[in-house]
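What's in final_7.txt: compact mmCIF, C-alpha atoms
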```
# COMPACT_ATOMS: atom_id res chain seq x y z
CA MET A 1 -54.99 28.35 17.05
CA GLU A 2 -54.68 24.93 15.46
CA MET A 3 -52.38 24.45 12.47
CA LEU A 4 -55.20 23.19 10.29
CA GLU A 5 -58.82 24.00 10.94
CA ILE A 6 -61.43 22.53 8.59
CA LYS A 7 -65.06 23.43 9.16
CA ASN A 8 -68.12 21.98 7.44
CA LEU A 9 -66.21 21.38 4.20
CA HIS A 10 -68.30 20.42 1.20
CA ALA A 11 -66.63 19.53 -2.09
CA GLY A 12 -67.01 17.34 -5.11
CA ILE A 13 -66.00 16.59 -8.64
CA GLU A 14 -67.97 16.97 -11.87
CA GLY A 15 -71.06 18.16 -10.00
CA LYS A 16 -71.12 15.19 -7.62
CA GLU A 17 -70.82 16.06 -3.94
CA ILE A 18 -68.33 13.80 -2.17
CA LEU A 19 -67.36 15.67 0.99
CA LYS A 20 -70.55 16.44 2.91
CA GLY A 21 -69.44 18.57 5.82
CA VAL A 22 -65.98 17.56 7.04
CA ASP A 23 -64.78 19.00 10.37
CA LEU A 24 -61.17 18.42 11.33
CA SER A 25 -58.54 20.18 13.41
CA VAL A 26 -54.88 19.25 13.37
CA GLY A 27 -52.55 20.70 15.99
CA LYS A 28 -48.87 21.46 15.57
CA GLY A 29 -46.61 18.42 15.90
CA THR A 30 -49.39 15.83 15.83
CA VAL A 31 -50.00 12.82 13.62
CA HIS A 32 -53.58 12.22 12.50
CA ALA A 33 -54.77 9.17 10.63
CA ILE A 34 -57.86 9.31 8.45
CA MET A 35 -59.27 5.89 7.74
CA GLY A 36 -62.24 5.03 5.65
CA PRO A 37 -63.66 2.57 3.16
CA ASN A 38 -63.38 3.04 -0.60
CA GLY A 39 -65.44 5.97 -1.82
CA ALA A 40 -65.56 7.67 1.59
CA GLY A 41 -63.91 10.81 0.18
CA LYS A 42 -60.33 10.30 1.41
CA SER A 43 -58.62 11.28 -1.83
CA THR A 44 -61.10 14.10 -2.40
CA LEU A 45 -60.08 15.54 0.96
CA SER A 46 -56.36 15.44 0.12
CA GLY A 47 -57.06 16.85 -3.36
CA VAL A 48 -59.13 19.73 -2.00
CA LEU A 49 -56.55 20.58 0.67
CA THR A 50 -53.73 20.76 -1.88
CA GLY A 51 -55.77 22.56 -4.54
CA ARG A 52 -56.31 20.01 -7.28
CA PRO A 53 -58.07 22.01 -10.00
CA ASP A 54 -60.69 19.37 -10.84
CA TYR A 55 -62.21 19.40 -7.35
CA LYS A 56 -64.75 22.11 -6.57
CA VAL A 57 -65.36 23.36 -3.05
CA THR A 58 -69.05 24.11 -2.55
CA GLY A 59 -69.07 25.14 1.10
CA GLY A 60 -67.22 25.41 4.38
CA SER A 61 -63.71 26.60 5.15
CA ALA A 62 -60.14 25.42 5.70
CA PHE A 63 -57.61 27.59 7.49
CA TYR A 64 -53.92 26.75 7.67
CA ASN A 65 -51.88 28.70 10.22
CA GLY A 66 -54.65 31.27 10.11
CA LYS A 67 -54.57 31.62 6.30
CA ASP A 68 -57.51 30.83 4.04
CA LEU A 69 -56.13 27.71 2.39
CA LEU A 70 -58.91 27.38 -0.18
CA SER A 71 -58.10 30.73 -1.80
CA MET A 72 -54.45 29.82 -2.38
CA SER A 73 -52.93 28.29 -5.52
CA PRO A 74 -51.31 24.84 -5.23
CA GLU A 75 -47.83 26.40 -5.35
CA GLU A 76 -48.72 28.95 -2.65
CA ARG A 77 -49.90 26.12 -0.43
CA SER A 78 -46.58 24.36 -0.97
CA TRP A 79 -44.63 27.50 -0.11
CA ALA A 80 -46.69 27.82 3.04
CA GLY A 81 -45.48 24.38 4.11
CA LEU A 82 -48.11 21.95 2.86
CA PHE A 83 -47.04 18.73 1.17
CA LEU A 84 -48.99 15.90 -0.43
CA SER A 85 -47.53 12.47 -0.95
CA PHE A 86 -49.54 11.29 -3.95
CA GLN A 87 -51.41 8.02 -3.99
CA TYR A 88 -50.45 7.70 -7.65
CA PRO A 89 -47.25 9.73 -8.20
CA ILE A 90 -47.18 11.31 -11.65
CA GLU A 91 -44.58 10.44 -14.27
CA ILE A 92 -42.93 13.40 -15.97
CA PRO A 93 -40.97 12.22 -19.02
CA GLY A 94 -38.12 14.54 -19.98
CA VAL A 95 -37.77 16.16 -16.54
CA SER A 96 -35.04 14.72 -14.30
CA ILE A 97 -35.45 14.44 -10.53
CA THR A 98 -32.54 16.86 -10.16
CA ASN A 99 -34.11 19.56 -12.34
CA PHE A 100 -37.54 18.97 -10.84
CA MET A 101 -36.27 19.37 -7.30
CA LYS A 102 -34.02 22.30 -8.17
CA SER A 103 -37.03 24.17 -9.58
CA ALA A 104 -39.13 23.26 -6.55
CA VAL A 105 -36.56 24.12 -3.89
CA ASN A 106 -35.55 27.41 -5.50
CA ALA A 107 -39.12 28.51 -6.24
CA ARG A 108 -39.93 27.96 -2.59
CA ARG A 109 -36.84 29.87 -1.45
CA LYS A 110 -37.72 32.73 -3.77
CA ALA A 111 -41.25 32.86 -2.38
CA LEU A 112 -39.84 32.96 1.14
CA GLY A 113 -37.42 35.76 0.22
CA LEU A 114 -34.32 33.56 0.40
CA PRO A 115 -31.54 33.45 -2.21
CA GLU A 116 -31.36 30.46 -4.57
CA LEU A 117 -29.14 27.61 -3.43
CA LYS A 118 -25.75 27.48 -5.12
CA PRO A 119 -25.42 24.39 -7.38
CA ALA A 120 -22.96 22.74 -4.96
CA GLU A 121 -25.22 23.42 -1.97
CA PHE A 122 -28.20 22.02 -3.83
CA LEU A 123 -26.34 18.84 -4.82
CA ARG A 124 -25.21 18.29 -1.24
CA LEU A 125 -28.79 18.61 -0.03
CA LEU A 126 -30.04 16.29 -2.78
CA ARG A 127 -27.49 13.59 -1.93
CA GLU A 128 -28.14 13.88 1.77
CA LYS A 129 -31.91 13.45 1.37
CA MET A 130 -31.59 10.62 -1.16
CA ALA A 131 -29.37 8.77 1.30
CA PHE A 132 -31.93 9.49 4.01
CA VAL A 133 -34.63 7.49 2.16
CA GLN A 134 -32.09 4.95 0.85
CA MET A 135 -32.60 5.99 -2.75
CA LYS A 136 -29.76 5.06 -5.11
CA SER A 137 -27.88 8.13 -6.33
CA GLU A 138 -28.41 7.23 -10.00
CA PHE A 139 -32.08 8.16 -9.56
CA ALA A 140 -31.06 11.85 -9.51
CA LYS A 141 -30.58 11.72 -13.28
CA ARG A 142 -33.71 9.74 -14.06
CA ASP A 143 -36.93 11.29 -15.28
CA VAL A 144 -39.42 11.83 -12.47
CA ASN A 145 -41.15 8.52 -11.69
CA VAL A 146 -40.70 7.19 -15.25
CA GLY A 147 -40.18 3.44 -15.11
CA PHE A 148 -40.15 3.43 -11.29
CA SER A 149 -41.65 0.49 -9.40
CA GLY A 150 -44.50 1.18 -6.99
CA GLY A 151 -42.11 1.19 -4.04
CA GLU A 152 -39.61 3.48 -5.81
CA LYS A 153 -42.38 5.96 -6.58
CA LYS A 154 -43.48 6.12 -2.95
CA ARG A 155 -39.89 6.41 -1.78
CA ASN A 156 -39.47 9.30 -4.22
CA GLU A 157 -42.47 11.00 -2.57
CA ILE A 158 -40.85 10.71 0.86
CA PHE A 159 -37.57 11.97 -0.61
CA GLN A 160 -39.37 15.05 -1.96
CA MET A 161 -40.99 15.53 1.42
CA ALA A 162 -37.55 15.44 3.07
CA MET A 163 -36.26 17.98 0.53
CA LEU A 164 -39.12 20.41 1.02
CA GLU A 165 -39.42 20.05 4.81
CA PRO A 166 -43.14 20.79 5.03
CA SER A 167 -44.89 21.72 8.26
CA LEU A 168 -47.94 19.67 7.31
CA ALA A 169 -47.58 16.54 5.21
CA ILE A 170 -50.55 14.63 3.87
CA LEU A 171 -49.79 11.02 2.96
CA ASP A 172 -52.49 9.77 0.63
CA GLU A 173 -52.61 5.96 0.69
CA THR A 174 -48.83 5.85 0.80
CA ASP A 175 -49.07 2.20 1.81
CA SER A 176 -51.05 1.06 -1.23
CA GLY A 177 -49.07 -1.27 -3.45
CA LEU A 178 -46.09 -1.50 -1.10
CA ASP A 179 -44.56 -4.68 0.21
CA VAL A 180 -43.51 -4.82 3.88
CA ASP A 181 -39.88 -3.83 3.21
CA ALA A 182 -40.86 -0.76 1.18
CA LEU A 183 -43.48 0.09 3.78
CA LYS A 184 -40.86 0.04 6.52
CA ILE A 185 -38.50 2.33 4.59
CA VAL A 186 -41.32 4.79 3.98
CA ALA A 187 -42.42 4.61 7.63
CA ASP A 188 -38.84 5.06 8.89
CA GLY A 189 -38.56 8.16 6.70
CA VAL A 190 -41.78 9.59 8.07
CA ASN A 191 -40.88 8.78 11.68
CA ALA A 192 -37.48 10.43 11.29
CA LEU A 193 -39.22 13.59 10.06
CA ARG A 194 -41.62 13.70 13.00
CA ASN A 195 -40.97 16.58 15.35
CA SER A 196 -42.78 19.06 17.57
CA GLU A 197 -43.28 21.53 14.69
CA ARG A 198 -44.38 19.17 11.94
CA SER A 199 -47.77 17.51 11.57
CA PHE A 200 -48.96 14.64 9.44
CA ILE A 201 -52.28 13.49 8.06
CA ILE A 202 -52.03 9.86 7.09
CA ILE A 203 -54.83 8.74 4.84
CA THR A 204 -55.17 5.00 4.66
CA HIS A 205 -57.53 2.18 3.99
CA TYR A 206 -55.62 -0.32 6.10
CA GLN A 207 -54.23 -0.18 9.59
CA LYS A 208 -50.90 -1.79 8.57
CA LEU A 209 -49.04 1.50 8.04
CA LEU A 210 -50.30 2.71 11.43
CA GLU A 211 -48.41 -0.12 13.11
CA TYR A 212 -45.21 1.54 11.86
CA ILE A 213 -46.29 5.17 12.18
CA ARG A 214 -48.26 5.46 15.40
CA PRO A 215 -50.82 8.26 15.10
CA ASP A 216 -51.91 10.52 17.96
CA VAL A 217 -55.47 10.74 16.66
CA VAL A 218 -57.51 8.46 14.39
CA HIS A 219 -60.53 9.68 12.44
CA VAL A 220 -62.99 7.61 10.48
CA LEU A 221 -64.24 9.17 7.25
CA LYS A 222 -67.43 7.65 5.94
CA GLU A 223 -69.77 8.90 3.23
CA GLY A 224 -68.07 12.28 3.12
CA ARG A 225 -68.01 13.06 6.84
CA ILE A 226 -65.80 12.36 9.85
CA VAL A 227 -68.04 10.02 11.82
CA MET A 228 -65.73 9.06 14.66
CA THR A 229 -62.52 10.30 16.29
CA GLY A 230 -60.39 8.45 18.81
CA GLY A 231 -56.90 7.37 19.79
CA PRO A 232 -54.69 4.78 18.08
CA GLU A 233 -56.87 2.01 19.53
CA LEU A 234 -59.61 3.03 17.08
CA ALA A 235 -57.42 1.80 14.20
CA ASP A 236 -57.06 -1.57 15.91
CA LYS A 237 -60.83 -1.80 16.43
CA ILE A 238 -61.44 -1.12 12.73
CA TRP A 239 -58.84 -3.75 11.83
CA LYS A 240 -60.67 -6.34 13.91
CA GLU A 241 -64.26 -5.37 13.25
CA GLY A 242 -64.25 -3.54 9.89
CA PHE A 243 -65.70 -0.18 8.93
CA GLU A 244 -69.26 -1.54 9.23
CA SER A 245 -68.86 -1.47 12.99
CA ILE A 246 -68.46 2.32 12.93
CA ASN A 247 -71.75 4.13 12.77
CA GLY A 248 -71.76 7.89 12.77
CA MET B 1 -24.88 18.03 -45.28
CA ASP B 2 -25.53 18.83 -41.64
CA LYS B 3 -27.47 22.05 -41.62
CA VAL B 4 -29.75 24.15 -39.47
CA PHE B 5 -32.27 26.39 -41.21
CA VAL B 6 -33.87 29.24 -39.34
CA ILE B 7 -37.10 29.75 -41.23
CA GLY B 8 -37.60 33.37 -42.26
CA ARG B 9 -33.84 33.89 -42.47
CA ASP B 10 -32.47 30.90 -44.36
CA ALA B 11 -34.00 29.63 -47.57
CA VAL B 12 -34.73 25.90 -47.55
CA PRO B 13 -33.89 24.30 -50.93
CA GLU B 14 -37.03 23.23 -52.78
CA ARG B 15 -35.42 20.12 -54.20
CA VAL B 16 -32.50 17.99 -53.13
CA HIS B 17 -31.25 14.82 -54.78
CA LEU B 18 -29.16 12.47 -52.71
CA GLN B 19 -26.95 10.11 -54.66
CA ALA B 20 -25.75 6.69 -53.47
CA GLY B 21 -24.25 6.88 -49.99
CA GLU B 22 -24.97 10.61 -49.52
CA LYS B 23 -26.32 11.71 -46.19
CA LEU B 24 -28.39 14.73 -45.25
CA ARG B 25 -29.12 15.96 -41.76
CA TRP B 26 -31.39 18.98 -41.59
CA THR B 27 -32.95 20.75 -38.67
CA LEU B 28 -35.62 23.30 -39.50
CA LEU B 29 -36.46 25.86 -36.87
CA TYR B 30 -39.42 28.18 -37.00
CA ASP B 31 -39.80 30.54 -34.07
CA ASP B 32 -42.30 33.32 -34.68
CA SER B 33 -40.56 35.53 -32.15
CA LEU B 34 -37.46 35.47 -34.39
CA CYS B 35 -39.31 35.89 -37.65
CA ASP B 36 -40.60 39.08 -39.26
CA SER B 37 -43.09 37.65 -41.71
CA SER B 38 -46.21 36.33 -40.07
CA ALA B 39 -47.18 33.80 -42.75
CA VAL B 40 -44.58 31.34 -43.96
CA ALA B 41 -44.68 28.24 -46.10
CA VAL B 42 -41.80 25.78 -46.23
CA ARG B 43 -41.88 23.38 -49.12
CA THR B 44 -39.17 20.91 -49.87
CA GLU B 45 -38.70 17.59 -51.61
CA ILE B 46 -35.83 15.31 -50.87
CA GLU B 47 -35.22 12.51 -53.32
CA LEU B 48 -33.12 9.50 -52.45
CA CYS B 49 -31.66 8.45 -55.79
CA GLY B 50 -29.02 5.82 -54.96
CA PRO B 51 -28.57 2.97 -52.47
CA GLY B 52 -27.29 3.98 -49.06
CA ALA B 53 -28.62 7.54 -49.25
CA ASP B 54 -29.93 8.74 -45.91
CA ALA B 55 -32.12 11.70 -44.97
CA ASP B 56 -32.59 12.76 -41.37
CA ILE B 57 -34.92 15.75 -41.09
CA ALA B 58 -36.17 17.36 -37.92
CA GLY B 59 -38.35 20.38 -37.48
CA LEU B 60 -39.35 22.51 -34.56
CA TYR B 61 -42.04 25.14 -34.80
CA LEU B 62 -42.85 27.51 -32.00
CA CYS B 63 -45.88 29.64 -32.74
CA ARG B 64 -47.05 32.01 -30.06
CA GLY B 65 -48.56 35.06 -31.73
CA ASP B 66 -50.68 35.41 -34.87
CA SER B 67 -48.30 33.52 -37.10
CA VAL B 68 -49.18 31.02 -39.79
CA ILE B 69 -46.69 28.32 -40.71
CA ASP B 70 -47.09 25.48 -43.17
CA PHE B 71 -44.65 22.69 -43.77
CA ASP B 72 -44.93 20.61 -46.90
CA ILE B 73 -42.27 17.93 -46.82
CA THR B 74 -41.86 15.17 -49.36
CA VAL B 75 -39.33 12.40 -49.01
CA ARG B 76 -39.13 10.44 -52.23
CA HIS B 77 -37.48 7.04 -52.16
CA SER B 78 -36.68 6.48 -55.84
CA SER B 79 -33.92 3.98 -55.18
CA GLY B 80 -33.96 0.93 -52.97
CA GLY B 81 -31.78 0.50 -49.90
CA CYS B 82 -32.21 4.06 -48.60
CA THR B 83 -33.28 5.34 -45.20
CA SER B 84 -35.15 8.42 -44.03
CA ARG B 85 -36.40 9.81 -40.76
CA GLN B 86 -38.60 12.84 -40.12
CA LEU B 87 -39.37 14.19 -36.68
CA PHE B 88 -41.41 17.38 -36.50
CA LYS B 89 -42.55 18.88 -33.24
CA GLY B 90 -44.64 21.97 -32.90
CA MET B 91 -46.53 24.05 -30.43
CA ALA B 92 -49.20 26.62 -31.22
CA GLY B 93 -50.44 29.30 -28.88
CA GLY B 94 -52.12 32.67 -29.32
CA ASN B 95 -54.06 32.80 -32.59
CA SER B 96 -51.41 30.95 -34.56
CA LYS B 97 -52.02 28.31 -37.20
CA ALA B 98 -49.53 25.54 -37.81
CA GLY B 99 -49.81 22.94 -40.54
CA PHE B 100 -47.74 19.94 -41.49
CA ASP B 101 -48.08 17.90 -44.67
CA GLY B 102 -45.60 15.09 -44.88
CA LEU B 103 -45.39 12.58 -47.66
CA ILE B 104 -43.25 9.49 -47.84
CA TYR B 105 -43.21 8.16 -51.38
CA VAL B 106 -41.66 4.78 -52.12
CA ALA B 107 -41.22 3.94 -55.80
CA PRO B 108 -42.14 0.43 -57.11
CA ASP B 109 -38.54 -0.79 -57.26
CA ALA B 110 -37.30 0.95 -54.10
CA GLN B 111 -37.10 -2.28 -52.13
CA LYS B 112 -35.47 -2.46 -48.67
CA THR B 113 -36.53 1.12 -47.97
CA LYS B 114 -36.69 2.24 -44.36
CA ALA B 115 -38.73 5.41 -43.91
CA PHE B 116 -40.18 6.88 -40.75
CA GLN B 117 -42.09 10.03 -40.01
CA GLU B 118 -43.43 11.54 -36.79
CA ASN B 119 -45.29 14.76 -36.13
CA HIS B 120 -46.21 15.69 -32.57
CA THR B 121 -47.86 18.92 -31.59
CA ILE B 122 -49.19 20.73 -28.56
CA LEU B 123 -51.96 23.30 -28.44
CA LEU B 124 -51.30 26.05 -25.93
CA SER B 125 -54.45 28.10 -26.44
CA ASP B 126 -58.08 27.62 -27.39
CA THR B 127 -57.73 29.91 -30.39
CA ALA B 128 -54.69 28.27 -32.00
CA HIS B 129 -55.03 25.74 -34.82
CA ILE B 130 -52.95 22.71 -35.59
CA ARG B 131 -53.30 20.64 -38.72
CA THR B 132 -51.34 17.53 -39.52
CA GLN B 133 -51.50 15.33 -42.58
CA PRO B 134 -49.03 12.50 -42.74
CA GLN B 135 -49.16 10.44 -45.91
CA LEU B 136 -47.55 7.26 -47.09
CA GLU B 137 -47.51 6.25 -50.74
CA ILE B 138 -45.80 2.92 -51.02
CA TYR B 139 -45.48 0.95 -54.24
CA ALA B 140 -42.75 -1.48 -53.18
CA ASP B 141 -43.52 -4.52 -51.03
CA ASP B 142 -40.29 -5.14 -49.10
CA VAL B 143 -40.13 -1.97 -47.03
CA GLU B 144 -40.24 -0.81 -43.44
CA CYS B 145 -42.26 2.39 -43.12
CA SER B 146 -44.23 4.08 -40.41
CA HIS B 147 -45.77 7.40 -39.54
CA GLY B 148 -47.29 8.78 -36.40
CA ALA B 149 -48.99 12.00 -35.45
CA THR B 150 -50.32 13.22 -32.12
CA THR B 151 -51.75 16.46 -30.92
CA GLY B 152 -52.82 17.45 -27.44
CA TYR B 153 -52.53 19.81 -24.52
CA LEU B 154 -49.94 20.01 -21.76
CA ASN B 155 -50.76 17.27 -19.29
CA PRO B 156 -52.74 18.79 -16.38
CA ASP B 157 -51.74 15.99 -13.96
CA GLU B 158 -48.06 16.77 -14.53
CA GLN B 159 -48.81 20.44 -13.98
CA PHE B 160 -50.59 19.85 -10.69
CA TYR B 161 -47.85 17.53 -9.49
CA MET B 162 -45.20 20.18 -10.13
CA ARG B 163 -47.29 22.98 -8.65
CA SER B 164 -47.94 20.92 -5.52
CA ARG B 165 -44.14 20.90 -5.08
CA GLY B 166 -44.07 24.69 -5.25
CA ILE B 167 -43.11 25.08 -8.91
CA PRO B 168 -45.13 28.06 -10.20
CA GLU B 169 -47.62 27.42 -13.00
CA ASP B 170 -45.61 29.21 -15.71
CA GLU B 171 -42.39 27.42 -14.72
CA ALA B 172 -44.24 24.09 -14.76
CA ARG B 173 -45.44 24.84 -18.29
CA ARG B 174 -41.91 25.79 -19.29
CA LEU B 175 -40.52 22.50 -17.99
CA GLN B 176 -43.22 20.58 -19.84
CA ILE B 177 -42.56 22.39 -23.10
CA LEU B 178 -38.80 21.95 -22.72
CA SER B 179 -39.16 18.23 -22.20
CA PHE B 180 -41.44 18.05 -25.25
CA ILE B 181 -39.06 19.87 -27.59
CA SER B 182 -35.76 18.67 -26.14
CA PRO B 183 -35.11 15.94 -28.77
CA ILE B 184 -34.95 18.69 -31.40
CA LEU B 185 -33.38 21.36 -29.22
CA GLN B 186 -30.40 19.02 -28.88
CA ARG B 187 -29.78 19.27 -32.62
CA LEU B 188 -29.48 23.05 -32.57
CA PRO B 189 -26.33 25.07 -31.85
CA GLU B 190 -26.00 25.58 -28.10
CA GLU B 191 -26.54 29.32 -28.30
CA THR B 192 -29.72 29.00 -30.36
CA ALA B 193 -31.04 26.31 -28.02
CA ARG B 194 -30.35 28.52 -25.00
CA GLU B 195 -32.14 31.49 -26.62
CA ILE B 196 -35.18 29.31 -27.18
CA GLU B 197 -35.07 27.98 -23.61
CA ASP B 198 -34.93 31.53 -22.29
CA SER B 199 -37.79 32.67 -24.49
CA LEU B 200 -40.22 30.04 -23.18
```

Before anything else, please render the file you have as structure tokens.
Amino acid sequence: MEMLEIKNLHAGIEGKEILKGVDLSVGKGTVHAIMGPNGAGKSTLSGVLTGRPDYKVTGGSAFYNGKDLLSMSPEERSWAGLFLSFQYPIEIPGVSITNFMKSAVNARRKALGLPELKPAEFLRLLREKMAFVQMKSEFAKRDVNVGFSGGEKKRNEIFQMAMLEPSLAILDETDSGLDVDALKIVADGVNALRNSERSFIIITHYQKLLEYIRPDVVHVLKEGRIVMTGGPELADKIWKEGFESING
Amino acid sequence: MDKVFVIGRDAVPERVHLQAGEKLRWTLLYDDSLCDSSAVAVRTEIELCGPGADADIAGLYLCRGDSVIDFDITVRHSSGGCTSRQLFKGMAGGNSKAGFDGLIYVAPDAQKTKAFQENHTILLSDTAHIRTQPQLEIYADDVECSHGATTGYLNPDEQFYMRSRGIPEDEARRLQILSFISPILQRLPEETAREIEDSL
């Protein structure tokens, strides 16, 4: 059984169909890249997989470790080990990173039948993971993403990923708006979290990020369907020849 | 005059006159889970009568059931050189109705007045009502005055972001409400603030 098994997925927003029959399987411990031009349905796919309420699924299925993903709430999906790094991380004025993460970590532990972390244990974990993504410790007190630069926001996403230790992480256009230095920090974080149990879906418009995070499999999403699947060399081909060269 | 009024328990004076240099700091709290009567009106007028008088008034109203609350607040700048601030925050759920009428009056010779008023509210249900009517009546020309009012729902993008991190929907709402009301919560005694936090 694959970790993630998507079959003939149809979905859209406000009555407009965007995904028109996506098939995708992701095995345990593998890194998949999904590339595609603007409007191909990349963000719709990540939104549908994580349960964004404004997207409506109109057909098909998605199973995650054998569970019907599409019937689960966003929080249940998170407890089951799914994580989305947002293309546009949301600002939450009045909620500090510490309180935000404490709620998230303890809600997950509760759902898994584990006791809450003691305050000292939580702070140790927080510091360790902030250091891991080279985030300055003063960020712990700051409101989530408020006044953060583009790079700081993306780094905060990778920090949250490190805190929550998902088994499947979806990175939605994590490279957009990042300079090369920020890109490298993000990629180093992702690479350090790669292991035989954890899988990644890296959604990207450009091949740049894939130079730093080498995928096992590359898919091309075009007009709401996966039109081609190959190895890492497919990303290089797209870089040289553009998406027009791919015809599904 | 630093005072917290729990509406329904403490009577708010209908009229207060502040003489030169006098300062007032009020925090009005209405929480329908603490209050027996289901329809309450709070009416008060604070008059700044001498230079240097200062009024700092905050209000928090938490309406969750079938309650009806109306605030009618007048801040009257009769003398020049006075300052006033009003910050009222409310949330209305269930079938509750919450109204706020706030008037800043600046008399013709009350020059160098500084007067500010804000009223921000959140609707938590489709059957709750929120009404806000900020008013400025200014007859002096050398003043600094402003008012602002907003009303809306809890931000669904924030909610999804938190839920995607595993924070359950009701806890996400609680965090959003807490962050919304925290500027006024900070003015309340610690025990009262904690009771409110726990009740959300």

Can you pull out every residue within 10 Å of B:Gln19, counting all atoms listed in the file, but drop anything in the same chain fewer than 6 positions away, and send it as a list in words?
Glu47, Leu48, Cys49, Gly50, Pro51, Gly52, Ala53, Asp54 and Ser79 of chain B

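Distances here use only C-alpha atoms; by that measure, the residue among B:Arg163, B:Arg174, B:Arg131, B:Arg25 closest to A:Ala104 is B:Arg163.
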
Padding 6 Å on every side, please: axis-aligned box over the listed atoms of stretch 171-184 of chain B, centre and edge lengths to one decimal in Å, as lines of an AutoDock Vina configuration file.
```
center_x = -40.2
center_y = 21.7
center_z = -23.1
size_x = 22.5
size_y = 23.5
size_z = 28.7
```

Name all residues at most 12 Å from A:Asn145 (count all atoms listed in the file; drop same-chain ones fewer than 2 positions away) and give them as a ChimeraX atom specification.
/A:86,88-97,100,139-143,147-157,160 /B:158,161

For A:Lys20, list every protein, DNA or RNA residue within 7 Å, evaluated using all atoms listed in the file, and leave out those in the same chain fewer than 3 positions away; present the list as an NGL selection string.
:A and (9-10 or 17 or 224-225)

Write out as a list in words every residue belonging to chain A that has an atom at most 6 Å from any atom of chain B, counting only C-alpha atoms.
Pro74, Glu75, Ser78, Trp79, Gly94, Ala104, Ala107 and Arg108 of chain A

Just write stretch 149-162 of chain B with N, CA and C atoms, as a compact mmCIF listing (two decimals), in the first residue's frame, taken from the block above.
```txt
# COMPACT_ATOMS: atom_id res chain seq x y z
N ALA B 149 -14.81 52.33 13.57
CA ALA B 149 -15.65 51.19 13.94
C ALA B 149 -15.50 50.10 12.88
N THR B 150 -15.38 48.87 13.33
CA THR B 150 -15.33 47.75 12.39
C THR B 150 -16.22 46.65 12.93
N THR B 151 -16.75 45.87 12.03
CA THR B 151 -17.43 44.66 12.45
C THR B 151 -17.14 43.57 11.43
N GLY B 152 -17.05 42.35 11.88
CA GLY B 152 -16.73 41.28 10.93
C GLY B 152 -16.86 39.92 11.58
N TYR B 153 -16.35 38.92 10.87
CA TYR B 153 -16.35 37.55 11.38
C TYR B 153 -14.92 37.16 11.72
N LEU B 154 -14.77 36.04 12.43
CA LEU B 154 -13.43 35.51 12.66
C LEU B 154 -12.83 35.15 11.31
N ASN B 155 -11.58 35.46 11.13
CA ASN B 155 -10.93 35.29 9.83
C ASN B 155 -10.78 33.80 9.47
N PRO B 156 -11.43 33.36 8.37
CA PRO B 156 -11.40 31.93 8.03
C PRO B 156 -10.01 31.46 7.59
N ASP B 157 -9.19 32.34 7.05
CA ASP B 157 -7.83 31.93 6.66
C ASP B 157 -6.98 31.60 7.89
N GLU B 158 -7.13 32.44 8.94
CA GLU B 158 -6.42 32.16 10.19
C GLU B 158 -6.88 30.82 10.75
N GLN B 159 -8.19 30.60 10.69
CA GLN B 159 -8.74 29.35 11.23
C GLN B 159 -8.17 28.13 10.50
N PHE B 160 -8.14 28.20 9.17
CA PHE B 160 -7.63 27.05 8.42
C PHE B 160 -6.14 26.84 8.70
N TYR B 161 -5.42 27.93 8.79
CA TYR B 161 -3.98 27.82 9.09
C TYR B 161 -3.76 27.08 10.41
N MET B 162 -4.50 27.48 11.43
CA MET B 162 -4.34 26.84 12.74
C MET B 162 -4.78 25.39 12.69
```
